[in-house]
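One structure below.
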Amino acid sequence: MNEATSSGVDRQAYMSDERSPSAKKPAAAPTSGRDDAAACPVPVPADLSGVTVVALHPQPRLQDYLQAMSLANAEAAARLPDYMLLSWYDRDRDFEAPQHVSECHADSAVPGYVDYGIHHGATLKVDVEDGRFVFFYRPVDL
């Protein structure tokens with residue numbers, strides 16, 4: 001059998017991009033000049049407006065998480081009469097608490113431990129060595 005089908009359409013031309021004038025591709029939809037911001041919104045950073053952020057840069061650098069937690073707890077004790085550690089992150093081990101809280105934040109600009117701390121009443125963020133260790137605290141009302 002030749003390249004023509006029973007309807008007389010050239011099968012080779014039909015399967016290529018060179019279609020007949022009657023099978024033109026539809027025109028592209030007009031754009032607004034923006035980069036489709038509505039279709040893919042830019043992630044928004046966490047709202048830390050009610051949180052005091054303390055950045056610590058100890059010298060020499062800390063050896064591990066336990067040293068960082070001790071330093072952060074001392075900072076919390078100096079700023080809050082009674083406090084509770086809500087969430088934390090250890091970049092060295094890529095470990096966070098509460099565990100697995102970032103699983104539902106995989107495509108988010110806000111890590112799960114940050115979101116958890118903010119939405120559970122954190123008023124103090126202690127950032128040790130530019131995010132190497134991060135701790136969120138809230139005051140405890142007795």
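Numbering starts fresh at 1 for the residues of each chain in the structure tokens, the chains themselves are lettered A, B, ... in the order given, and ligands are numbered from 1 as they appear.
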
(request) Write out as JSON, numbers by chain all residues of range 39-96 of chain A that DSSP puts in helix (DSSP H, G or I) for this structure's backbone. (result) {"A": [65, 66, 67, 68, 69, 70, 71, 72, 73, 74, 75, 76, 77, 78, 79]}

(message) as a list in words, please: the residues near range 50-53 of chain A (cut-off 6 Å, only C-alpha atoms, same-chain neighbours under 2 positions excluded).
(response)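 Here the answer would be Leu48, Thr123, Leu124 and Lys125 of chain A.
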
(request) Rank A:Leu86, A:Gln59, A:Ser70, A:Glu96 by their smallest atom-to-atom distance to Tyr137 in chain A, using only C-alpha atoms, and report the top residue only. (result)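 Nearest to Tyr137 in chain A: A:Leu86.
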
(request) Find the residue from A:Val128, A:Asp141, A:Gly121, A:Gln99 that sits nearest to Leu85 in chain A; use only C-alpha atoms when measuring. (result)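 Smallest separation from Leu85 in chain A among the options: A:Gly121.
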
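Atom pair CA of Ala74 in chain A / CA of Val126 in chain A: separated by 10.4 Å.
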
(request) Check the smallest atom-to-atom distance from each of A:Tyr113, A:Gln67, A:Pro45, A:Pro81 to Asp94 in chain A using only C-alpha atoms, then report the winner. (result)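 Among the listed residues, the smallest separation from Asp94 in chain A belongs to A:Tyr113.
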
(message) Calculated over only C-alpha atoms, which of the candidates A:Ala68, A:Asp130, A:Asp115, A:Val140 has the smallest distance to Ala55 in chain A?
(response) A:Asp130

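Our summary of the geometry notes that CA of Ser87 in chain A is positioned 8.3 Å from CA of Val134 in chain A.
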
(message) Between CA of Leu56 in chain A and CA of Glu75 in chain A, what distance in Å does the model show, to one decimal?
(response)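 Taking CA of Leu56 in chain A as the start and CA of Glu75 in chain A as the end point, the length is 9.4 Å.
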
(message) For a quick check of understanding, using only C-alpha atoms, which of A:Ala77, A:Phe135, A:Ile118, A:Val54 has the smallest distance to Asp90 in chain A?
(response)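 Counting only C-alpha atoms, the residue closest to Asp90 in chain A is A:Phe135.
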